[in-house]
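Asker: File upload-v9.txt follows (compact mmCIF, C-alpha atoms and all ligand atoms):
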# COMPACT_ATOMS: atom_id res chain seq x y z
CA MET A 1 5.89 6.04 22.34
CA LYS A 2 3.75 2.96 21.77
CA ILE A 3 3.25 1.75 18.20
CA LEU A 4 0.70 -0.88 17.21
CA VAL A 5 1.04 -2.41 13.73
CA PHE A 6 -1.90 -4.42 12.36
CA GLY A 7 -1.20 -6.77 9.44
CA LYS A 8 2.30 -7.86 10.42
CA ASP A 9 2.38 -10.74 7.92
CA GLY A 10 1.40 -8.82 4.79
CA GLN A 11 3.78 -7.14 2.35
CA LEU A 12 3.44 -3.71 3.94
CA GLY A 13 3.31 -5.07 7.48
CA ARG A 14 6.54 -6.95 6.95
CA ALA A 15 8.17 -3.83 5.54
CA PHE A 16 7.15 -1.88 8.66
CA LYS A 17 8.45 -4.62 10.93
CA LYS A 18 11.81 -4.71 9.20
CA LEU A 19 12.21 -0.92 9.36
CA LEU A 20 10.98 -0.48 12.92
CA ASP A 21 12.96 -3.45 14.26
CA ALA A 22 16.12 -2.10 12.69
CA ALA A 23 15.28 1.33 14.20
CA LEU A 24 16.32 2.79 10.88
CA PHE A 25 14.13 5.78 11.34
CA PHE A 26 14.38 7.42 14.64
CA THR A 27 15.92 7.29 18.02
CA GLY A 28 13.95 7.17 21.25
CA ASP A 29 12.30 4.68 23.51
CA HIS A 30 9.57 2.77 21.73
CA ASP A 31 7.31 -0.07 22.59
CA ILE A 32 6.21 -1.69 19.33
CA ARG A 33 3.60 -4.42 19.00
CA TYR A 34 2.99 -6.31 15.76
CA VAL A 35 -0.38 -7.96 15.36
CA GLY A 36 -1.41 -10.58 12.80
CA ARG A 37 -4.59 -12.50 12.10
CA ALA A 38 -3.86 -15.00 14.89
CA GLU A 39 -3.67 -12.27 17.55
CA CYS A 40 -6.55 -10.17 16.25
CA ASP A 41 -9.13 -11.06 13.60
CA LEU A 42 -10.06 -7.75 12.03
CA SER A 43 -13.46 -9.03 10.97
CA HIS A 44 -14.42 -8.89 14.68
CA SER A 45 -14.62 -5.30 15.92
CA LEU A 46 -14.50 -6.41 19.52
CA GLU A 47 -11.09 -8.05 19.02
CA ILE A 48 -9.76 -4.78 17.59
CA GLU A 49 -11.11 -2.80 20.53
CA VAL A 50 -9.55 -5.27 22.97
CA ALA A 51 -6.16 -5.05 21.21
CA LEU A 52 -6.24 -1.25 21.20
CA ASN A 53 -7.44 -0.83 24.78
CA ALA A 54 -4.96 -3.37 26.10
CA PHE A 55 -1.92 -1.76 24.47
CA GLN A 56 -3.01 1.92 24.37
CA PRO A 57 -0.96 2.92 21.29
CA ASP A 58 0.08 6.47 20.44
CA LEU A 59 0.53 5.43 16.82
CA ILE A 60 -1.68 2.89 15.04
CA ILE A 61 -0.48 1.56 11.70
CA ASN A 62 -3.07 -0.45 9.77
CA ALA A 63 -1.14 -2.43 7.17
CA ALA A 64 -3.82 -5.14 7.11
CA ALA A 65 -6.55 -5.38 4.51
CA TYR A 66 -8.75 -7.75 2.58
CA THR A 67 -6.75 -7.65 -0.68
CA ALA A 68 -8.21 -10.56 -2.72
CA VAL A 69 -9.62 -8.29 -5.43
CA ASP A 70 -11.45 -10.99 -7.43
CA LYS A 71 -12.60 -13.10 -4.47
CA ALA A 72 -14.08 -9.95 -2.93
CA GLU A 73 -16.81 -10.07 -5.58
CA GLN A 74 -18.13 -13.16 -3.75
CA GLU A 75 -17.16 -12.09 -0.21
CA SER A 76 -18.51 -8.59 -0.01
CA ASP A 77 -19.47 -8.71 3.69
CA LEU A 78 -16.02 -9.92 4.73
CA ALA A 79 -14.26 -7.35 2.52
CA PHE A 80 -16.34 -4.54 4.02
CA ALA A 81 -15.79 -5.82 7.58
CA ILE A 82 -12.00 -5.77 7.17
CA ASN A 83 -11.61 -2.78 4.85
CA ALA A 84 -14.33 -0.46 6.17
CA THR A 85 -15.55 -1.46 9.65
CA ALA A 86 -12.10 -2.35 11.08
CA PRO A 87 -10.42 0.96 10.14
CA ALA A 88 -13.48 2.81 11.47
CA VAL A 89 -12.93 1.15 14.87
CA MET A 90 -9.22 2.10 14.78
CA ALA A 91 -10.06 5.67 13.76
CA ARG A 92 -12.54 6.05 16.62
CA TYR A 93 -9.89 4.85 19.06
CA ALA A 94 -7.40 7.38 17.65
CA VAL A 95 -9.97 10.19 17.91
CA ASN A 96 -10.89 9.32 21.49
CA HIS A 97 -7.31 8.85 22.69
CA GLY A 98 -5.45 11.54 20.72
CA ALA A 99 -3.49 8.95 18.74
CA THR A 100 -2.07 9.08 15.21
CA PHE A 101 -3.58 6.66 12.71
CA LEU A 102 -1.89 5.56 9.47
CA HIS A 103 -4.10 3.67 7.01
CA TYR A 104 -3.65 2.47 3.43
CA SER A 105 -5.97 2.62 0.47
CA THR A 106 -5.81 2.03 -3.23
CA ASP A 107 -6.04 3.35 -6.77
CA TYR A 108 -9.03 0.98 -7.14
CA VAL A 109 -11.23 3.62 -5.48
CA PHE A 110 -11.17 5.34 -8.89
CA ASP A 111 -12.92 4.11 -12.03
CA GLY A 112 -9.82 4.85 -14.14
CA SER A 113 -11.63 6.77 -16.87
CA GLY A 114 -9.59 9.54 -18.50
CA VAL A 115 -5.85 9.84 -18.85
CA ASP A 116 -4.90 12.44 -16.25
CA PHE A 117 -3.24 11.82 -12.92
CA TYR A 118 -5.89 11.67 -10.17
CA SER A 119 -5.66 14.19 -7.35
CA GLU A 120 -6.91 13.46 -3.83
CA ASN A 121 -9.98 15.67 -4.16
CA GLN A 122 -11.39 13.97 -7.24
CA PRO A 123 -14.54 11.94 -6.58
CA VAL A 124 -14.11 8.21 -6.11
CA ASN A 125 -16.09 5.75 -8.21
CA PRO A 126 -14.84 2.22 -7.52
CA LEU A 127 -15.63 -0.47 -10.09
CA GLY A 128 -15.56 -3.57 -7.88
CA VAL A 129 -16.31 -4.73 -4.34
CA TYR A 130 -12.68 -4.42 -3.17
CA GLY A 131 -12.50 -0.78 -4.33
CA LYS A 132 -15.91 -0.05 -2.82
CA SER A 133 -14.88 -1.52 0.53
CA LYS A 134 -11.64 0.51 0.54
CA ALA A 135 -13.53 3.70 -0.38
CA ALA A 136 -15.98 3.00 2.46
CA GLY A 137 -12.99 2.64 4.82
CA GLU A 138 -11.62 6.02 3.74
CA LEU A 139 -14.98 7.66 4.32
CA ALA A 140 -15.45 6.05 7.74
CA ILE A 141 -12.04 7.34 8.86
CA GLU A 142 -12.75 10.84 7.56
CA GLU A 143 -16.12 10.88 9.32
CA ALA A 144 -14.63 9.69 12.62
CA PHE A 145 -12.00 12.46 12.49
CA ASP A 146 -14.60 15.06 11.48
CA HIS A 147 -15.84 14.79 15.06
CA ALA A 148 -12.41 14.85 16.70
CA ASP A 149 -12.06 17.38 19.46
CA ASN A 150 -8.77 15.93 20.71
CA PHE A 151 -6.19 18.19 19.05
CA LYS A 152 -3.54 15.44 19.16
CA ALA A 153 -5.57 12.99 17.05
CA ARG A 154 -4.50 12.88 13.42
CA TYR A 155 -4.57 10.53 10.47
CA ALA A 156 -3.12 9.84 7.07
CA ILE A 157 -4.70 7.60 4.47
CA PHE A 158 -2.07 6.71 1.89
CA ARG A 159 -3.43 5.57 -1.46
CA ALA A 160 -0.91 3.30 -3.18
CA SER A 161 -1.03 1.20 -6.35
CA TRP A 162 0.50 -2.07 -7.55
CA VAL A 163 2.22 -2.77 -4.22
CA TYR A 164 5.09 -5.28 -4.06
CA GLY A 165 7.27 -6.45 -1.18
CA MET A 166 7.86 -9.60 0.84
CA GLY A 167 4.95 -11.76 -0.31
CA SER A 168 3.01 -12.64 -3.43
CA ASN A 169 2.68 -9.94 -6.06
CA PHE A 170 2.59 -9.34 -9.80
CA ILE A 171 6.38 -9.03 -10.18
CA ARG A 172 7.08 -12.36 -8.50
CA THR A 173 4.35 -14.07 -10.52
CA ILE A 174 5.76 -12.72 -13.77
CA LEU A 175 9.32 -13.72 -12.88
CA ARG A 176 8.16 -17.25 -12.03
CA LEU A 177 6.18 -17.55 -15.26
CA ALA A 178 9.02 -16.09 -17.34
CA LYS A 179 11.33 -18.80 -15.99
CA GLU A 180 8.82 -21.54 -16.86
CA ARG A 181 7.31 -20.44 -20.20
CA GLU A 182 8.67 -19.47 -23.62
CA GLU A 183 6.02 -16.76 -24.08
CA LEU A 184 3.90 -14.51 -21.91
CA ARG A 185 0.96 -12.24 -22.70
CA VAL A 186 0.60 -9.19 -20.45
CA ILE A 187 -1.91 -6.30 -20.41
CA ASN A 188 -0.54 -3.10 -21.91
CA ASP A 189 -3.52 -0.74 -21.73
CA GLN A 190 -3.85 -0.37 -17.95
CA PHE A 191 -1.51 2.24 -16.51
CA GLY A 192 -0.27 2.89 -13.00
CA VAL A 193 2.77 3.04 -10.74
CA PRO A 194 4.37 0.02 -9.04
CA THR A 195 4.87 0.84 -5.35
CA ASP A 196 7.62 -0.69 -3.26
CA ALA A 197 6.27 -1.60 0.20
CA THR A 198 9.52 -0.65 1.91
CA TRP A 199 9.52 2.76 0.27
CA LEU A 200 5.87 3.26 1.28
CA ALA A 201 6.50 2.27 4.89
CA LYS A 202 9.59 4.48 5.09
CA MET A 203 7.81 7.47 3.61
CA SER A 204 4.85 6.99 6.00
CA LEU A 205 7.15 6.94 9.04
CA THR A 206 9.04 9.96 7.75
CA LEU A 207 5.81 11.95 7.53
CA CYS A 208 4.63 11.07 11.02
CA ILE A 209 7.74 10.65 13.21
CA ASP A 210 10.58 13.14 13.65
CA GLU A 211 14.29 12.41 14.16
CA GLN A 212 13.85 12.46 17.94
CA GLY A 213 11.17 9.78 17.69
CA ARG A 214 8.26 12.12 18.42
CA LEU A 215 5.01 12.22 16.49
CA ARG A 216 4.91 15.06 14.01
CA ASP A 217 2.08 17.53 13.56
CA PHE A 218 1.40 16.70 9.90
CA PRO A 219 -1.87 17.70 8.20
CA SER A 220 -4.48 14.93 8.42
CA GLY A 221 -5.99 13.69 5.17
CA ILE A 222 -5.75 11.43 2.16
CA TYR A 223 -2.40 11.32 0.35
CA HIS A 224 -1.49 9.65 -2.91
CA ALA A 225 1.71 7.75 -2.17
CA VAL A 226 3.42 6.20 -5.18
CA PRO A 227 6.91 6.60 -6.65
CA ALA A 228 7.61 8.80 -9.69
CA GLY A 229 6.84 7.80 -13.27
CA GLU A 230 4.26 5.45 -14.69
CA THR A 231 4.03 2.25 -16.68
CA SER A 232 1.67 -0.50 -17.83
CA TRP A 233 1.55 -4.07 -16.51
CA HIS A 234 3.37 -5.03 -19.71
CA GLY A 235 6.02 -2.36 -19.12
CA LEU A 236 6.51 -3.65 -15.57
CA ALA A 237 6.77 -7.28 -16.71
CA HIS A 238 9.25 -6.32 -19.42
CA TRP A 239 11.42 -4.32 -17.00
CA ALA A 240 11.38 -6.92 -14.20
CA THR A 241 12.49 -9.74 -16.53
CA GLN A 242 15.15 -7.52 -18.11
CA VAL A 243 16.63 -6.72 -14.70
CA ALA A 244 16.49 -10.40 -13.68
CA ILE A 245 18.50 -11.34 -16.77
CA GLU A 246 20.99 -8.53 -16.09
CA VAL A 247 21.64 -9.91 -12.62
CA GLY A 248 22.19 -13.42 -13.95
CA VAL A 249 18.82 -15.19 -13.68
CA ALA A 250 17.98 -17.41 -16.65
CA MET A 251 14.59 -16.47 -18.12
CA LYS A 252 12.80 -18.39 -20.88
CA ALA A 253 10.57 -15.42 -21.75
CA SER A 254 11.82 -11.83 -21.99
CA GLY A 255 11.83 -8.92 -24.46
CA LYS A 256 9.65 -9.67 -27.49
CA ALA A 257 8.53 -13.01 -25.99
CA ILE A 258 6.38 -10.94 -23.61
CA SER A 259 3.51 -9.87 -25.83
CA PRO A 260 1.34 -6.84 -25.10
CA ILE A 261 -2.39 -7.57 -25.00
CA PRO A 262 -5.43 -5.39 -24.24
CA ALA A 263 -7.24 -5.95 -20.92
CA THR A 264 -10.25 -7.20 -22.87
CA GLU A 265 -8.20 -10.31 -23.75
CA TYR A 266 -7.61 -11.11 -20.06
CA PRO A 267 -11.02 -10.88 -18.38
CA LEU A 268 -11.07 -11.16 -14.57
CA PRO A 269 -14.03 -11.37 -12.14
CA ALA A 270 -13.43 -7.83 -10.81
CA PRO A 271 -13.01 -4.94 -13.24
CA ARG A 272 -9.79 -2.91 -12.84
CA PRO A 273 -9.29 0.80 -13.57
CA MET A 274 -7.57 1.42 -16.91
CA ASN A 275 -5.90 4.53 -15.50
CA SER A 276 -4.41 4.20 -12.01
CA ARG A 277 -2.14 7.22 -12.26
CA MET A 278 -2.25 9.33 -9.07
CA SER A 279 -0.63 12.71 -8.54
CA THR A 280 1.60 12.89 -5.45
CA LEU A 281 1.92 16.69 -5.32
CA LYS A 282 -0.07 16.94 -2.06
CA LEU A 283 2.22 14.49 -0.25
CA GLN A 284 5.34 16.11 -1.68
CA LYS A 285 4.15 19.50 -0.44
CA ALA A 286 3.37 18.12 3.04
CA LEU A 287 6.87 16.64 3.27
CA LYS A 288 8.47 19.83 1.96
CA ASP A 289 6.51 21.99 4.44
CA LEU A 290 7.97 19.85 7.24
CA GLY A 291 11.47 20.45 5.85
CA LEU A 292 11.76 16.86 4.59
CA VAL A 293 13.04 15.40 1.33
CA SER A 294 10.10 15.52 -1.05
CA LYS A 295 11.56 14.13 -4.27
CA PHE A 296 10.24 10.64 -4.94
CA PRO A 297 12.36 7.91 -6.55
CA GLU A 298 11.44 6.58 -10.01
CA TRP A 299 9.45 3.32 -9.97
CA ASP A 300 11.91 1.55 -12.29
CA ALA A 301 14.89 2.19 -9.99
CA LEU A 302 12.94 0.72 -7.07
CA VAL A 303 11.90 -2.33 -9.11
CA ARG A 304 15.52 -2.80 -10.17
CA SER A 305 16.67 -2.97 -6.59
CA TYR A 306 13.74 -5.23 -5.61
CA VAL A 307 14.45 -7.75 -8.39
CA THR A 308 18.19 -7.61 -7.65
CA ASP A 309 17.46 -8.46 -3.99
CA LEU A 310 15.13 -11.30 -5.00
CA ALA A 311 17.90 -12.74 -7.18
CA LYS A 312 20.52 -12.31 -4.44
CA ASN A 313 18.28 -14.20 -2.00
CA LYS A 314 17.52 -16.92 -4.58
CA LEU A 315 13.84 -16.01 -4.57
CA ILE A 316 13.45 -15.97 -8.37
N1 LIG A 401 -1.18 -5.27 -2.95
C1 LIG A 401 -1.48 -4.28 -3.78
O1 LIG A 401 -1.24 -4.34 -4.99
C2 LIG A 401 -2.09 -3.00 -3.25
C3 LIG A 401 -2.35 -1.96 -4.15
C4 LIG A 401 -2.90 -0.78 -3.66
C5 LIG A 401 -3.15 -0.62 -2.32
N2 LIG A 401 -2.90 -1.66 -1.47
C6 LIG A 401 -3.21 -1.49 -0.04
O2 LIG A 401 -1.99 -1.50 0.66
C7 LIG A 401 -2.18 -2.08 1.95
C8 LIG A 401 -1.18 -3.20 2.17
O3 LIG A 401 -1.36 -4.19 1.17
P1 LIG A 401 -0.45 -5.50 1.12
O4 LIG A 401 -0.09 -5.70 -0.32
O5 LIG A 401 0.62 -5.42 2.13
O6 LIG A 401 -1.53 -6.60 1.52
P2 LIG A 401 -1.28 -8.14 1.84
O7 LIG A 401 0.12 -8.53 1.55
O8 LIG A 401 -2.40 -8.88 1.20
O9 LIG A 401 -1.46 -8.19 3.42
C9 LIG A 401 -2.69 -7.99 4.03
C10 LIG A 401 -2.59 -8.51 5.44
O10 LIG A 401 -3.88 -8.32 6.04
C11 LIG A 401 -4.13 -9.44 6.84
N3 LIG A 401 -5.55 -9.72 7.04
C12 LIG A 401 -6.48 -9.98 6.11
N4 LIG A 401 -7.64 -10.29 6.68
C13 LIG A 401 -7.43 -10.22 8.03
C14 LIG A 401 -8.24 -10.43 9.17
N5 LIG A 401 -9.53 -10.79 9.07
N6 LIG A 401 -7.70 -10.26 10.39
C15 LIG A 401 -6.41 -9.91 10.51
N7 LIG A 401 -5.58 -9.71 9.48
C16 LIG A 401 -6.10 -9.86 8.25
C17 LIG A 401 -3.53 -10.62 6.09
O11 LIG A 401 -3.32 -11.65 7.00
P3 LIG A 401 -2.80 -13.11 6.56
O12 LIG A 401 -1.34 -12.91 6.28
O13 LIG A 401 -3.08 -13.94 7.73
O14 LIG A 401 -3.61 -13.47 5.34
C18 LIG A 401 -2.26 -10.01 5.52
O15 LIG A 401 -1.17 -10.22 6.38
C19 LIG A 401 -3.64 -2.52 2.00
O16 LIG A 401 -4.40 -1.52 2.62
C20 LIG A 401 -4.05 -2.61 0.54
O17 LIG A 401 -5.44 -2.41 0.36
C21 LIG A 401 -2.35 -2.84 -1.90
Output the structure of this file as structure tokens.
Ligand SMILES: NC(=O)c1ccc[n+]([C@@H]2O[C@H](COP(=O)([O-])OP(=O)(O)OC[C@H]3O[C@@H](n4cnc5c(N)ncnc54)[C@H](OP(=O)(O)O)[C@@H]3O)[C@@H](O)[C@H]2O)c1
Answerer:
Amino acid sequence: MKILVFGKDGQLGRAFKKLLDAALFFTGDHDIRYVGRAECDLSHSLEIEVALNAFQPDLIINAAAYTAVDKAEQESDLAFAINATAPAVMARYAVNHGATFLHYSTDYVFDGSGVDFYSENQPVNPLGVYGKSKAAGELAIEEAFDHADNFKARYAIFRASWVYGMGSNFIRTILRLAKEREELRVINDQFGVPTDATWLAKMSLTLCIDEQGRLRDFPSGIYHAVPAGETSWHGLAHWATQVAIEVGVAMKASGKAISPIPATEYPLPAPRPMNSRMSTLKLQKALKDLGLVSKFPEWDALVRSYVTDLAKNKLI
């Protein structure tokens, strides 16, 4: 099987590379190509087509995206090119060649009103350009597959939230600031689920590849893919610093020195959803129907192991 991974240098791309290189998932003979910005600029459709046609993948993993949420407000065309047009090109290739396509989206497709967990079939209503571009990408993929007559072609769009891995993210920013400052102020009225990139990559591969290394016949569609539980940004900051202290990292700010504030006191160029909670029942059912483990780990256990690893590798 041939696997093409776009976005090799991002948090999720690096998680895929680590897992696939270590062959932690499946046996079998695989030809895997990892592509970054230097090899293929996703804002140019032609470059994507060339990369796909040259390698002829059976599985396309799109871990790349325009993820600069605030900057997107000023760079709408670029955000849409990378987050909507590029996945549409990949989806069309998958449809025409009977390939499997894994793509990633975000809680920012929702407006975050209400307090319930979002299900996949609730209407999207993104607040900012980034969310709008990701929603347009979802729609373009769905439309491409609506016309699929190749029975082998299938796709999964995994919506994640608050992703962290090898790269810059909220947890690493907070840990750096908590080492430098006596006090921190963190938003406590936006709720969601921190998602470990390694967990997300592993779960994606589990859904689409069997133990013999063959592509599975999973149901195409959008899946909410986050660990169990929920928290606020403040809850996450509090927990990450607590774990760092437990594993021996000296922090200037922790516990009560991390003050909860409302989002209104921390205005940003792009509005964020207040409620990013997403129900994962659909994904759990799909995994269960395939005879796979469908119980998701709690977010705080995953953050504990992430922060512990950061400390071990002297990255805090
Ligand atoms: N991060 C989050 O909190 C979050 C939350 C919800 C959903 N998601 C979704 O999860 C997925 C993975 O996110 P992530 O956190 O891994 O993102 P990330 O760390 O920002 O990585 C994105 C990757 O995309 C690449 N890229 C951007 N523009 C490109 C272009 N024009 N051509 C080629 N490559 C380009 C970047 O390349 P360079 O390394 O060269 O810049 C980077 O390696 C994305 O679909 C994202 O929308 C993320």
Asker: Need the shell around Thr308 in chain A: protein/DNA/RNA residues with any atom at most 9 Å away, counting all atoms listed in the file. Skip same-chain ones fewer than 5 positions apart. Format as a PyMOL selection string?
Answerer: chain A and resi 243-244+246-247+303+313
Asker: Which residues of chain A come within 7 Å of ligand LIG 401 (chain A), and what is each one's closest atom pair and distance in Å (one decimal), counting all atoms listed in the file, sorted by chain and residue number, as JSON lines?
Answerer:
{"residue": "A:Gly7", "atom": "CA", "partner": "A:LIG401", "partner_atom": "C10", "distance": 4.6}
{"residue": "A:Lys8", "atom": "CA", "partner": "A:LIG401", "partner_atom": "O15", "distance": 5.8}
{"residue": "A:Asp9", "atom": "CA", "partner": "A:LIG401", "partner_atom": "O15", "distance": 3.9}
{"residue": "A:Gly10", "atom": "CA", "partner": "A:LIG401", "partner_atom": "O9", "distance": 3.2}
{"residue": "A:Gln11", "atom": "CA", "partner": "A:LIG401", "partner_atom": "O5", "distance": 3.6}
{"residue": "A:Leu12", "atom": "CA", "partner": "A:LIG401", "partner_atom": "O5", "distance": 3.8}
{"residue": "A:Gly13", "atom": "CA", "partner": "A:LIG401", "partner_atom": "O5", "distance": 6.0}
{"residue": "A:Gly36", "atom": "CA", "partner": "A:LIG401", "partner_atom": "N7", "distance": 5.4}
{"residue": "A:Arg37", "atom": "CA", "partner": "A:LIG401", "partner_atom": "C15", "distance": 3.5}
{"residue": "A:Cys40", "atom": "CA", "partner": "A:LIG401", "partner_atom": "C15", "distance": 5.7}
{"residue": "A:Asp41", "atom": "CA", "partner": "A:LIG401", "partner_atom": "N6", "distance": 3.6}
{"residue": "A:Leu42", "atom": "CA", "partner": "A:LIG401", "partner_atom": "N6", "distance": 3.8}
{"residue": "A:Ser43", "atom": "CA", "partner": "A:LIG401", "partner_atom": "N5", "distance": 4.7}
{"residue": "A:Ala63", "atom": "CA", "partner": "A:LIG401", "partner_atom": "C8", "distance": 5.1}
{"residue": "A:Ala64", "atom": "CA", "partner": "A:LIG401", "partner_atom": "O10", "distance": 3.4}
{"residue": "A:Ala65", "atom": "CA", "partner": "A:LIG401", "partner_atom": "O10", "distance": 4.3}
{"residue": "A:Tyr66", "atom": "CA", "partner": "A:LIG401", "partner_atom": "C12", "distance": 4.8}
{"residue": "A:Thr67", "atom": "CA", "partner": "A:LIG401", "partner_atom": "O8", "distance": 4.9}
{"residue": "A:Ile82", "atom": "CA", "partner": "A:LIG401", "partner_atom": "N5", "distance": 5.9}
{"residue": "A:His103", "atom": "CA", "partner": "A:LIG401", "partner_atom": "O16", "distance": 6.8}
{"residue": "A:Tyr104", "atom": "CA", "partner": "A:LIG401", "partner_atom": "O16", "distance": 4.1}
{"residue": "A:Ser105", "atom": "CA", "partner": "A:LIG401", "partner_atom": "O16", "distance": 4.9}
{"residue": "A:Thr106", "atom": "CA", "partner": "A:LIG401", "partner_atom": "C5", "distance": 3.9}
{"residue": "A:Asp107", "atom": "CA", "partner": "A:LIG401", "partner_atom": "C4", "distance": 6.0}
{"residue": "A:Lys134", "atom": "CA", "partner": "A:LIG401", "partner_atom": "O17", "distance": 6.9}
{"residue": "A:Arg159", "atom": "CA", "partner": "A:LIG401", "partner_atom": "C5", "distance": 6.3}
{"residue": "A:Ala160", "atom": "CA", "partner": "A:LIG401", "partner_atom": "C4", "distance": 4.6}
{"residue": "A:Ser161", "atom": "CA", "partner": "A:LIG401", "partner_atom": "C4", "distance": 3.8}
{"residue": "A:Trp162", "atom": "CA", "partner": "A:LIG401", "partner_atom": "O1", "distance": 3.8}
{"residue": "A:Val163", "atom": "CA", "partner": "A:LIG401", "partner_atom": "O1", "distance": 3.9}
{"residue": "A:Tyr164", "atom": "CA", "partner": "A:LIG401", "partner_atom": "N1", "distance": 6.4}
{"residue": "A:Gly167", "atom": "CA", "partner": "A:LIG401", "partner_atom": "O7", "distance": 6.1}
{"residue": "A:Asn169", "atom": "CA", "partner": "A:LIG401", "partner_atom": "N1", "distance": 6.8}
Asker: Can you tell me, as a PyMOL selection string, what residues are no more than 9 Å from Pro271 in chain A when counting all atoms listed in the file, ignoring any on the same chain fewer than 5 positions away?
Answerer: chain A and resi 70+127-128
Asker: I'd like the contact shell of range 50-56 of chain A - 8 Å cut-off, all atoms listed in the file, skipping same-chain residues fewer than 4 positions apart - returned as a list in words.
Answerer: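 Answer for this query is Lys2, Leu4, Cys40, Leu46, Met90 and Tyr93 of chain A.
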Asker: Expressed in Å to a single decimal, how great is the separation between CA of Ser113 in chain A and CA of Met278 in chain A?
Answerer: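 Distance reported for this atom pair: 12.5 Å.
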Asker: Find the smallest box with edges along x, y and z containing every listed atom of range 128-142 of chain A, then add 3 Å on each side and report centre and edge lengths in Å to one decimal, as lines of an AutoDock Vina configuration file.
Answerer:
center_x = -14.0
center_y = 3.1
center_z = 0.5
size_x = 10.7
size_y = 21.6
size_z = 22.7
Asker: Between CA of Gly192 in chain A and CA of Lys285 in chain A, what distance in Å does the model show, to one decimal?
Answerer: 21.3 Å
Asker: Can you tell me, as a PyMOL selection string, what residues are no more than 9 Å from Ala156 in chain A when counting only C-alpha atoms, ignoring any on the same chain fewer than 6 positions away?
Answerer: chain A and resi 100-104+204+208+218-223
Asker: When you count all atoms listed in the file, which of these residues is closest to Asn62 in chain A: A:Asn96, A:Asn83, A:Asn125, A:Asn150?
Answerer: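 Looking only at the distances to Asn62 in chain A, the closest residue turns out to be A:Asn83.
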Asker: For each of A:Ser259, A:Ser276, A:Thr85, A:Thr195, take the minimum atom-to-atom distance to Ala225 in chain A, counting all atoms listed in the file, then give the residue where this is smallest.
Answerer: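 Comparing A:Ser259, A:Ser276, A:Thr85, A:Thr195 against Ala225 in chain A, the winner is A:Thr195.
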Asker: Just the residues within 9 Å of range 287-296 of chain A, please, counting only C-alpha atoms, with nothing from its chain fewer than 2 positions along; format it as an MDAnalysis selection string.
Answerer: chainID A and resid 206:207 216:218 226:228 280 282:285 298:299
Asker: Those same residues, written as an mmCIF file, in the coordinates of the input with C-alpha atoms?
Answerer:
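And here is the file that came out, selection.cif:
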data_model
loop_
_atom_site.group_PDB
_atom_site.id
_atom_site.type_symbol
_atom_site.label_atom_id
_atom_site.label_comp_id
_atom_site.auth_asym_id
_atom_site.auth_seq_id
_atom_site.Cartn_x
_atom_site.Cartn_y
_atom_site.Cartn_z
ATOM 1 C CA THR A 206 9.040 9.960 7.750
ATOM 2 C CA LEU A 207 5.810 11.950 7.530
ATOM 3 C CA ARG A 216 4.910 15.060 14.010
ATOM 4 C CA ASP A 217 2.080 17.530 13.560
ATOM 5 C CA PHE A 218 1.400 16.700 9.900
ATOM 6 C CA VAL A 226 3.420 6.200 -5.180
ATOM 7 C CA PRO A 227 6.910 6.600 -6.650
ATOM 8 C CA ALA A 228 7.610 8.800 -9.690
ATOM 9 C CA THR A 280 1.600 12.890 -5.450
ATOM 10 C CA LYS A 282 -0.070 16.940 -2.060
ATOM 11 C CA LEU A 283 2.220 14.490 -0.250
ATOM 12 C CA GLN A 284 5.340 16.110 -1.680
ATOM 13 C CA LYS A 285 4.150 19.500 -0.440
ATOM 14 C CA GLU A 298 11.440 6.580 -10.010
ATOM 15 C CA TRP A 299 9.450 3.320 -9.970
#
Asker: Looking at A:Thr264, A:Thr241, A:Ser76, A:Ser305, which one is nearest to Asp196 in chain A, with distances taken over all atoms listed in the file?
Answerer: A:Ser305
Asker: Can you work out which one of A:Ser133, A:Glu180, A:Gln190, A:Val95 has the shortest atom-to-atom distance to Asp146 in chain A, counting all atoms listed in the file?
Answerer: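 Residue with the minimum atom-to-atom distance to Asp146 in chain A: A:Val95.
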Asker: Which of these, A:Ala135, A:Ala240, A:Val186, A:Leu302, has the shortest distance to Trp199 in chain A once you count only C-alpha atoms?
Answerer: A:Leu302
